[in-house]
>>> print(open('entry06.cif').read())   # mmCIF, C-alpha atoms and all ligand atoms
data_start
loop_
_atom_site.label_atom_id
_atom_site.label_comp_id
_atom_site.auth_asym_id
_atom_site.auth_seq_id
_atom_site.Cartn_x
_atom_site.Cartn_y
_atom_site.Cartn_z
CA MET Y 1 0.00 0.00 0.00
CA PRO Y 2 1.38 3.45 -0.85
CA ASP Y 3 1.51 5.82 2.09
CA PRO Y 4 -1.58 8.04 1.59
CA LEU Y 5 0.32 11.06 2.87
CA GLU Y 6 2.94 10.57 0.17
CA THR Y 7 0.32 10.58 -2.56
CA MET Y 8 -1.45 13.71 -1.32
CA ALA Y 9 -1.02 16.80 -3.47
CA ALA Y 10 0.74 19.90 -2.19
CA ARG Y 11 -1.72 22.64 -1.25
CA ILE Y 12 -1.24 25.85 -3.20
CA ASP Y 13 -1.85 28.46 -0.52
CA GLY Y 14 -3.40 31.39 -2.40
CA LYS Y 15 -4.16 33.21 0.82
CA ALA Y 16 -0.49 33.27 1.86
CA PHE Y 17 0.67 34.17 -1.67
CA ALA Y 18 -1.90 36.99 -1.84
CA GLU Y 19 -0.75 38.35 1.54
CA ARG Y 20 2.86 38.45 0.34
CA LEU Y 21 1.78 40.14 -2.90
CA ARG Y 22 -0.25 42.72 -0.96
CA ALA Y 23 2.76 43.49 1.23
CA ARG Y 24 4.88 44.13 -1.89
CA ILE Y 25 2.10 46.30 -3.34
CA GLY Y 26 1.97 48.28 -0.08
CA ALA Y 27 5.71 48.96 -0.28
CA ALA Y 28 5.48 49.95 -3.95
CA ALA Y 29 2.47 52.21 -3.21
CA ALA Y 30 4.50 54.00 -0.53
CA ASP Y 31 7.31 54.55 -3.08
CA PHE Y 32 4.72 55.88 -5.52
CA VAL Y 33 3.42 58.40 -2.95
CA HIS Y 34 6.99 59.56 -2.41
CA THR Y 35 7.54 60.13 -6.14
CA ALA Y 36 4.12 61.30 -7.34
CA ALA Y 37 3.02 63.17 -4.18
CA ARG Y 38 -0.36 61.44 -4.23
CA ARG Y 39 -1.75 58.00 -3.47
CA PRO Y 40 -2.80 55.58 -6.22
CA GLY Y 41 -6.62 55.66 -6.33
CA LEU Y 42 -9.34 53.10 -7.07
CA ALA Y 43 -12.99 54.05 -7.55
CA VAL Y 44 -15.47 51.26 -6.88
CA VAL Y 45 -19.06 51.72 -8.03
CA LEU Y 46 -21.82 49.59 -6.53
CA VAL Y 47 -25.38 49.93 -7.83
CA GLY Y 48 -28.20 48.36 -5.83
CA ASP Y 49 -28.11 46.18 -2.74
CA ASP Y 50 -26.97 42.73 -3.87
CA ALA Y 51 -25.73 41.11 -0.63
CA ALA Y 52 -22.66 39.35 -2.09
CA SER Y 53 -21.63 42.51 -3.97
CA GLN Y 54 -21.82 44.55 -0.74
CA VAL Y 55 -19.39 42.11 0.88
CA TYR Y 56 -16.98 42.18 -2.09
CA VAL Y 57 -17.03 45.98 -2.33
CA GLY Y 58 -16.39 46.33 1.40
CA ALA Y 59 -13.45 43.91 1.14
CA LYS Y 60 -11.99 45.80 -1.84
CA GLY Y 61 -12.17 49.13 0.02
CA ARG Y 62 -10.43 47.72 3.11
CA ALA Y 63 -7.73 46.04 1.02
CA CYS Y 64 -7.02 49.34 -0.76
CA GLU Y 65 -6.65 51.29 2.46
CA GLU Y 66 -4.37 48.60 3.93
CA ALA Y 67 -2.09 48.82 0.88
CA GLY Y 68 -1.99 52.64 0.93
CA ILE Y 69 -4.28 52.98 -2.10
CA ALA Y 70 -7.04 55.60 -1.89
CA SER Y 71 -10.49 54.02 -2.19
CA PHE Y 72 -13.38 56.05 -3.57
CA GLU Y 73 -16.64 54.20 -3.01
CA HIS Y 74 -19.80 55.17 -4.86
CA ARG Y 75 -22.90 53.33 -3.63
CA LEU Y 76 -25.93 54.12 -5.77
CA PRO Y 77 -29.55 52.99 -5.38
CA ALA Y 78 -30.97 50.20 -7.55
CA THR Y 79 -33.22 52.83 -9.16
CA THR Y 80 -30.18 54.62 -10.69
CA SER Y 81 -30.74 55.31 -14.40
CA ALA Y 82 -28.27 54.39 -17.14
CA ALA Y 83 -27.68 58.11 -17.78
CA GLU Y 84 -26.82 58.76 -14.12
CA LEU Y 85 -24.42 55.81 -14.02
CA LEU Y 86 -22.72 56.86 -17.27
CA THR Y 87 -22.38 60.43 -15.97
CA LEU Y 88 -20.59 59.11 -12.88
CA VAL Y 89 -18.26 56.91 -14.98
CA GLU Y 90 -17.39 59.88 -17.19
CA ARG Y 91 -16.64 62.03 -14.13
CA LEU Y 92 -14.33 59.27 -12.78
CA ASN Y 93 -12.64 59.00 -16.20
CA ARG Y 94 -11.66 62.69 -15.89
CA ASP Y 95 -10.70 62.58 -12.19
CA GLY Y 96 -6.91 62.84 -11.82
CA GLU Y 97 -6.98 61.12 -8.41
CA VAL Y 98 -8.66 58.02 -9.85
CA ASP Y 99 -6.30 55.53 -11.51
CA GLY Y 100 -8.67 52.57 -11.60
CA ILE Y 101 -12.45 52.27 -12.02
CA LEU Y 102 -14.37 49.14 -11.11
CA VAL Y 103 -18.13 48.88 -11.58
CA GLN Y 104 -19.22 45.92 -9.49
CA LEU Y 105 -21.17 43.30 -11.46
CA PRO Y 106 -23.87 42.14 -11.73
CA LEU Y 107 -25.75 45.40 -12.29
CA PRO Y 108 -29.46 45.58 -11.42
CA GLN Y 109 -31.84 44.53 -14.19
CA GLY Y 110 -32.38 47.20 -16.80
CA LEU Y 111 -28.78 48.49 -16.76
CA ASP Y 112 -26.69 47.37 -19.73
CA GLU Y 113 -23.39 46.01 -18.35
CA GLN Y 114 -21.60 46.10 -21.70
CA ALA Y 115 -22.54 49.74 -22.26
CA VAL Y 116 -21.25 50.70 -18.81
CA ILE Y 117 -17.97 48.80 -19.25
CA ALA Y 118 -17.55 50.40 -22.68
CA ALA Y 119 -17.83 53.85 -21.06
CA ILE Y 120 -14.85 53.25 -18.74
CA ASP Y 121 -11.54 54.73 -19.96
CA PRO Y 122 -9.62 51.57 -21.04
CA ASP Y 123 -6.53 52.94 -19.28
CA LYS Y 124 -8.50 52.97 -15.99
CA ASP Y 125 -10.19 49.60 -16.61
CA VAL Y 126 -8.33 47.68 -13.88
CA ASP Y 127 -10.87 44.81 -14.18
CA GLY Y 128 -9.64 44.27 -17.76
CA PHE Y 129 -13.23 43.87 -18.98
CA HIS Y 130 -13.24 46.58 -21.70
CA VAL Y 131 -13.12 45.25 -25.29
CA ILE Y 132 -9.99 47.36 -25.87
CA ASN Y 133 -8.21 45.47 -23.08
CA ALA Y 134 -9.54 42.10 -24.29
CA GLY Y 135 -8.15 43.03 -27.73
CA ARG Y 136 -4.81 44.16 -26.30
CA LEU Y 137 -4.45 40.81 -24.52
CA ALA Y 138 -5.38 38.95 -27.70
CA VAL Y 139 -2.65 40.67 -29.76
CA GLY Y 140 -0.01 40.93 -27.03
CA GLN Y 141 -0.19 44.66 -26.31
CA GLU Y 142 0.18 46.19 -22.87
CA GLY Y 143 -3.19 46.70 -21.18
CA PHE Y 144 -5.09 45.31 -18.21
CA VAL Y 145 -5.75 41.60 -17.75
CA PRO Y 146 -8.75 40.38 -15.69
CA CYS Y 147 -7.71 39.82 -12.07
CA THR Y 148 -8.76 36.20 -11.51
CA PRO Y 149 -6.93 34.60 -14.45
CA LEU Y 150 -3.84 36.75 -13.85
CA GLY Y 151 -3.87 35.57 -10.22
CA CYS Y 152 -4.13 31.94 -11.40
CA LEU Y 153 -1.13 32.45 -13.70
CA MET Y 154 0.89 33.89 -10.81
CA LEU Y 155 0.08 30.84 -8.64
CA LEU Y 156 1.01 28.46 -11.47
CA GLN Y 157 4.32 30.18 -12.20
CA ASP Y 158 5.14 30.35 -8.51
CA HIS Y 159 4.54 26.63 -8.15
CA LEU Y 160 5.82 25.29 -11.47
CA GLY Y 161 8.27 27.95 -12.66
CA ASP Y 162 8.49 27.91 -16.46
CA LEU Y 163 5.27 26.64 -18.09
CA SER Y 164 6.84 26.12 -21.54
CA GLY Y 165 5.61 23.04 -23.34
CA LEU Y 166 3.19 21.96 -20.60
CA GLU Y 167 -0.28 20.73 -21.58
CA ALA Y 168 -2.92 23.01 -20.06
CA VAL Y 169 -6.66 22.40 -20.12
CA VAL Y 170 -8.91 25.32 -19.18
CA ILE Y 171 -12.51 24.30 -18.49
CA GLY Y 172 -14.97 27.17 -19.05
CA ARG Y 173 -14.89 29.85 -21.77
CA SER Y 174 -16.15 32.96 -19.97
CA ASN Y 175 -14.85 36.38 -21.00
CA ILE Y 176 -13.76 37.05 -17.41
CA VAL Y 177 -11.83 33.83 -16.66
CA GLY Y 178 -11.66 31.06 -19.28
CA LYS Y 179 -10.77 33.02 -22.42
CA PRO Y 180 -8.15 35.32 -20.86
CA MET Y 181 -6.73 32.33 -18.92
CA ALA Y 182 -6.23 30.42 -22.18
CA GLN Y 183 -4.48 33.46 -23.69
CA LEU Y 184 -2.20 33.97 -20.69
CA LEU Y 185 -1.20 30.29 -20.71
CA THR Y 186 -0.57 30.45 -24.46
CA ASP Y 187 1.64 33.52 -23.97
CA ALA Y 188 3.50 31.55 -21.26
CA ASN Y 189 4.23 28.88 -23.92
CA ALA Y 190 1.88 26.19 -22.63
CA THR Y 191 -0.09 24.07 -25.12
CA VAL Y 192 -3.65 25.07 -24.35
CA THR Y 193 -7.03 23.41 -24.81
CA LEU Y 194 -10.07 25.55 -23.97
CA ALA Y 195 -12.80 23.08 -23.00
CA HIS Y 196 -16.45 23.93 -22.36
CA SER Y 197 -19.96 22.54 -22.00
CA ARG Y 198 -19.98 21.12 -25.54
CA THR Y 199 -16.56 19.44 -25.30
CA ARG Y 200 -16.80 15.73 -26.13
CA ASP Y 201 -15.39 13.34 -23.51
CA LEU Y 202 -14.21 16.09 -21.20
CA ALA Y 203 -12.76 13.58 -18.72
CA GLN Y 204 -10.44 12.22 -21.42
CA VAL Y 205 -9.39 15.73 -22.48
CA VAL Y 206 -8.58 16.70 -18.87
CA ARG Y 207 -6.56 13.48 -18.38
CA ARG Y 208 -3.81 14.73 -20.67
CA ALA Y 209 -3.34 18.00 -18.77
CA ASP Y 210 -0.27 18.91 -16.74
CA ILE Y 211 -2.25 22.02 -15.73
CA VAL Y 212 -6.01 22.02 -15.14
CA VAL Y 213 -7.86 25.29 -14.58
CA ALA Y 214 -11.52 24.69 -13.68
CA ALA Y 215 -13.81 27.71 -14.09
CA VAL Y 216 -17.28 26.41 -14.85
CA GLY Y 217 -19.33 27.18 -11.74
CA ARG Y 218 -20.52 23.60 -11.30
CA PRO Y 219 -19.87 22.14 -7.84
CA GLU Y 220 -17.32 19.30 -7.79
CA MET Y 221 -17.75 18.56 -11.50
CA VAL Y 222 -14.09 17.61 -12.09
CA ARG Y 223 -13.51 14.17 -10.56
CA GLY Y 224 -10.34 12.62 -9.20
CA ASP Y 225 -10.08 10.05 -12.00
CA TRP Y 226 -9.96 12.89 -14.58
CA ILE Y 227 -6.65 14.12 -13.17
CA LYS Y 228 -3.29 13.00 -14.54
CA PRO Y 229 -1.05 11.89 -11.66
CA GLY Y 230 1.14 14.81 -10.58
CA ALA Y 231 -0.89 17.49 -12.43
CA CYS Y 232 -1.30 21.01 -11.04
CA VAL Y 233 -5.00 21.81 -10.43
CA ILE Y 234 -6.32 25.37 -10.12
CA ASP Y 235 -9.93 25.54 -8.94
CA VAL Y 236 -11.61 28.88 -9.71
CA GLY Y 237 -15.10 27.72 -8.65
CA ILE Y 238 -16.83 28.90 -5.49
CA ASN Y 239 -20.16 27.12 -5.08
CA ARG Y 240 -22.33 26.97 -1.99
CA LEU Y 241 -24.02 23.59 -1.49
CA ALA Y 242 -27.49 23.22 -0.01
CA PRO Y 243 -27.60 23.51 3.81
CA THR Y 244 -27.29 20.34 5.89
CA ASP Y 245 -27.75 19.74 9.63
CA ASP Y 246 -24.02 20.05 10.37
CA LYS Y 247 -23.48 22.89 7.83
CA PRO Y 248 -26.60 25.10 8.18
CA LYS Y 249 -25.14 27.77 5.85
CA GLY Y 250 -24.16 25.16 3.22
CA ARG Y 251 -20.60 24.03 2.49
CA LEU Y 252 -18.40 26.00 0.06
CA VAL Y 253 -16.93 23.81 -2.66
CA GLY Y 254 -15.04 24.41 -5.89
CA ASP Y 255 -15.55 23.02 -9.38
CA VAL Y 256 -13.18 20.17 -8.48
CA ALA Y 257 -13.96 17.25 -6.14
CA PHE Y 258 -11.15 18.24 -3.82
CA ALA Y 259 -10.42 15.08 -1.80
CA GLU Y 260 -10.48 12.85 -4.89
CA ALA Y 261 -8.32 15.19 -6.95
CA ALA Y 262 -5.86 15.84 -4.11
CA ALA Y 263 -5.17 12.10 -3.93
CA VAL Y 264 -3.89 12.15 -7.55
CA ALA Y 265 -2.65 15.68 -8.31
CA GLY Y 266 0.82 17.02 -7.62
CA ALA Y 267 -0.59 20.31 -6.36
CA ILE Y 268 -4.06 21.80 -5.93
CA THR Y 269 -5.71 25.02 -4.75
CA PRO Y 270 -8.21 24.63 -1.89
CA VAL Y 271 -11.64 26.30 -1.82
CA PRO Y 272 -11.78 28.63 0.03
CA GLY Y 273 -8.23 29.96 0.40
CA GLY Y 274 -6.89 29.22 -3.09
CA VAL Y 275 -7.75 31.44 -6.05
CA GLY Y 276 -10.27 33.67 -4.21
CA PRO Y 277 -7.80 35.79 -2.22
CA MET Y 278 -5.73 36.38 -5.38
CA THR Y 279 -8.47 38.34 -7.15
CA ILE Y 280 -8.38 41.34 -4.81
CA ALA Y 281 -4.58 41.27 -4.58
CA VAL Y 282 -4.33 41.47 -8.39
CA LEU Y 283 -6.92 44.27 -8.45
CA LEU Y 284 -4.60 46.28 -6.18
CA ARG Y 285 -1.67 45.35 -8.41
CA ASN Y 286 -3.51 46.51 -11.55
CA THR Y 287 -4.45 49.79 -9.81
CA LEU Y 288 -0.84 50.40 -8.83
CA VAL Y 289 0.31 49.67 -12.39
CA ALA Y 290 -2.36 52.09 -13.69
CA ALA Y 291 -1.11 54.80 -11.32
CA HIS Y 292 2.47 54.39 -12.60
CA ARG Y 293 1.30 54.64 -16.21
CA HIS Y 294 -0.79 57.75 -15.49
CA ALA Y 295 2.17 59.38 -13.71
CA GLY Y 296 4.51 58.51 -16.60
CA LEU Y 297 6.62 56.30 -14.33
CA PRO Y 298 8.17 52.92 -15.25
CA PRO Y 299 6.15 49.94 -13.98
CA PRO Y 300 6.70 48.89 -10.37
CA GLU Y 301 9.29 46.10 -10.21
CA GLY Y 302 8.44 42.50 -9.34
CA LEU Y 303 4.67 42.91 -9.59
N1 LIG W 401 -18.37 40.70 -9.57
C1 LIG W 401 -17.78 39.55 -9.14
N2 LIG W 401 -16.46 39.59 -9.38
C2 LIG W 401 -16.20 40.76 -9.98
C3 LIG W 401 -15.00 41.39 -10.46
O1 LIG W 401 -13.90 40.85 -10.40
N3 LIG W 401 -15.15 42.63 -10.99
C4 LIG W 401 -16.36 43.25 -11.07
N4 LIG W 401 -16.40 44.45 -11.62
N5 LIG W 401 -17.48 42.71 -10.64
C5 LIG W 401 -17.39 41.47 -10.10
#
>>> encode(input="entry06.cif", output="structure tokens")
Amino acid sequence: MPDPLETMAARIDGKAFAERLRARIGAAAADFVHTAARRPGLAVVLVGDDAASQVYVGAKGRACEEAGIASFEHRLPATTSAAELLTLVERLNRDGEVDGILVQLPLPQGLDEQAVIAAIDPDKDVDGFHVINAGRLAVGQEGFVPCTPLGCLMLLQDHLGDLSGLEAVVIGRSNIVGKPMAQLLTDANATVTLAHSRTRDLAQVVRRADIVVAAVGRPEMVRGDWIKPGACVIDVGINRLAPTDDKPKGRLVGDVAFAEAAAVAGAITPVPGGVGPMTIAVLLRNTLVAAHRHAGLPPPEGL
């Protein structure tokens, strides 16, 4: 019998990595203040009273302040009109203290998300959602890359080093995670397959992967016997299961069946504590990079 401890995958501790990244961002933000005589600034716009969005926006504001980045919060009622929201975005586009603009999604029904994102100055679009930034990523120009996939790439490179020649399978083709993830892995010289709901024999496709990135939003869909022994598994999913007697709030699980996959993989991100904490850390990083560009300074080193 193999020792079960020997066959257990290494945990990729996104929380610890994100804390180290945030500390480096804090130091670089302090240097920026010294040089530019102002703090980097992030404006976060929240429309309506979606409970999860309130939590995220609060967390983003606190993370900014901790890193020495000015946070400008704009909380608007759900009855806000498209014209009012666009007027605010245009004011933030012109505001010299605002380096990054994030409009929290989803927007209340009746507001056109694409139109709002299109109104953000692409050079302040620290979410990387604007079509100009999607296009820049596609053709290899400098822009902003969505925070979650960039955070996943950082974790992969930290754990594996050079990704050249590795087989990567990304499951899920969203504009926010799957597509930019596939592009980042391609740029890092991996051989990339972008799998999705219509992929035939997904299990067999995933079995050839040295790197698996699961971003489908389906609880525990990726099973242990899909994983190639020793593969590196990045789980972007955060799904809350139905409440049970011992977990009255419902258990949080990823898109990967963790215990099964951890018995086969070489390394795996837990849920929670894997990819999640990276998203805010990369948002701060993108804001700091935006501030350097706006001030005409070279990019901060090592970020
Ligand atoms: N809603 C959930 N995640 C995000 C994000 O990363 N950016 C924005 N703008 N909205 C979100």
>>> atom_distance(input="entry06.cif", atom1="atom CA of His292 of chain Y", atom2="atom CA of Lys15 of chain Y")
25.9 Å
>>> residues_around(input="entry06.cif", residues="segment 32-37 of chain Y", least_positions_apart="5", cutoff="10 Å", atoms="all atoms listed in the file", output="PDB file with C-alpha atoms, in the frame of the given file")
ATOM      1  CA  GLY Y  26       1.970  48.280  -0.080  1.00  0.00           C
ATOM      2  CA  ALA Y  27       5.710  48.960  -0.280  1.00  0.00           C
ATOM      3  CA  GLY Y  68      -1.990  52.640   0.930  1.00  0.00           C
ATOM      4  CA  ILE Y  69      -4.280  52.980  -2.100  1.00  0.00           C
ATOM      5  CA  LEU Y 288      -0.840  50.400  -8.830  1.00  0.00           C
ATOM      6  CA  ALA Y 291      -1.110  54.800 -11.320  1.00  0.00           C
ATOM      7  CA  HIS Y 292       2.470  54.390 -12.600  1.00  0.00           C
ATOM      8  CA  ALA Y 295       2.170  59.380 -13.710  1.00  0.00           C
ATOM      9  CA  GLY Y 296       4.510  58.510 -16.600  1.00  0.00           C
ATOM     10  CA  LEU Y 297       6.620  56.300 -14.330  1.00  0.00           C
ATOM     11  CA  PRO Y 300       6.700  48.890 -10.370  1.00  0.00           C
TER      12      PRO Y 300
END
>>> residues_near_ligand(input="entry06.cif", ligand="ligand LIG 401 (chain W)", cutoff="9 Å", atoms="all atoms listed in the file", output="list in words")
Val44, Val45, Ala52, Ser53, Tyr56, Val57, Ile101, Leu102, Val103, Gln104, Leu105, Pro106, Leu107, Ile117, Val126, Asp127, Gly128, Phe129, Pro146, Cys147, Thr148, Ile176, Thr279, Ile280 and Leu283 of chain Y
>>> closest_residue(input="entry06.cif", among="Y:Met154, Y:Val233, Y:Arg11, Y:Leu76", to="Leu303 of chain Y", atoms="only C-alpha atoms")
Y:Met154
>>> residues_near_point(input="entry06.cif", point="(-9.9, 53.6, -20.7)", cutoff="10 Å", atoms="only C-alpha atoms", output="PyMOL selection string")
chain Y and resi 93+100-101+117-126+128+130+132-133+143-144
>>> closest_residue(input="entry06.cif", among="Y:Val213, Y:Ala83, Y:Ala43, Y:Leu21", to="Gly302 of chain Y", atoms="all atoms listed in the file")
Y:Leu21
>>> residues_around(input="entry06.cif", residues="Val98 of chain Y", least_positions_apart="2", cutoff="7 Å", atoms="only C-alpha atoms", output="PDB file with C-alpha atoms, keeping the file's coordinate frame")
ATOM      1  CA  GLY Y  41      -6.620  55.660  -6.330  1.00  0.00           C
ATOM      2  CA  LEU Y  42      -9.340  53.100  -7.070  1.00  0.00           C
ATOM      3  CA  ALA Y  43     -12.990  54.050  -7.550  1.00  0.00           C
ATOM      4  CA  LEU Y  92     -14.330  59.270 -12.780  1.00  0.00           C
ATOM      5  CA  ASP Y  95     -10.700  62.580 -12.190  1.00  0.00           C
ATOM      6  CA  GLY Y  96      -6.910  62.840 -11.820  1.00  0.00           C
ATOM      7  CA  GLY Y 100      -8.670  52.570 -11.600  1.00  0.00           C
TER       8      GLY Y 100
END
>>> closest_residue(input="entry06.cif", among="Y:Val264, Y:Asn189, Y:Pro248, Y:His196", to="Trp226 of chain Y", atoms="all atoms listed in the file")
Y:Val264
>>> closest_residue(input="entry06.cif", among="Y:Val222, Y:Cys64, Y:Ala190, Y:Ala168", to="Asp235 of chain Y", atoms="all atoms listed in the file")
Y:Val222
>>> closest_residue(input="entry06.cif", among="Y:Val236, Y:Gly140, Y:Ala70, Y:Phe258", to="Ala30 of chain Y", atoms="all atoms listed in the file")
Y:Ala70
>>> residues_around(input="entry06.cif", residues="segment 200-207 of chain Y", least_positions_apart="4", cutoff="9 Å", atoms="all atoms listed in the file", output="list in words")
Ala168, Val169, Val170, Ile171, Thr193, Ala195, His196, Ile211, Val212, Val222, Arg223, Asp225, Trp226, Ile227, Lys228 and Pro229 of chain Y
>>> closest_residue(input="entry06.cif", among="Y:Glu113, Y:Ala257, Y:Thr199, Y:Thr244", to="Glu220 of chain Y", atoms="only C-alpha atoms")
Y:Ala257
>>> atom_distance(input="entry06.cif", atom1="atom CA of Glu84 of chain Y", atom2="atom CA of Ala63 of chain Y")
27.5 Å
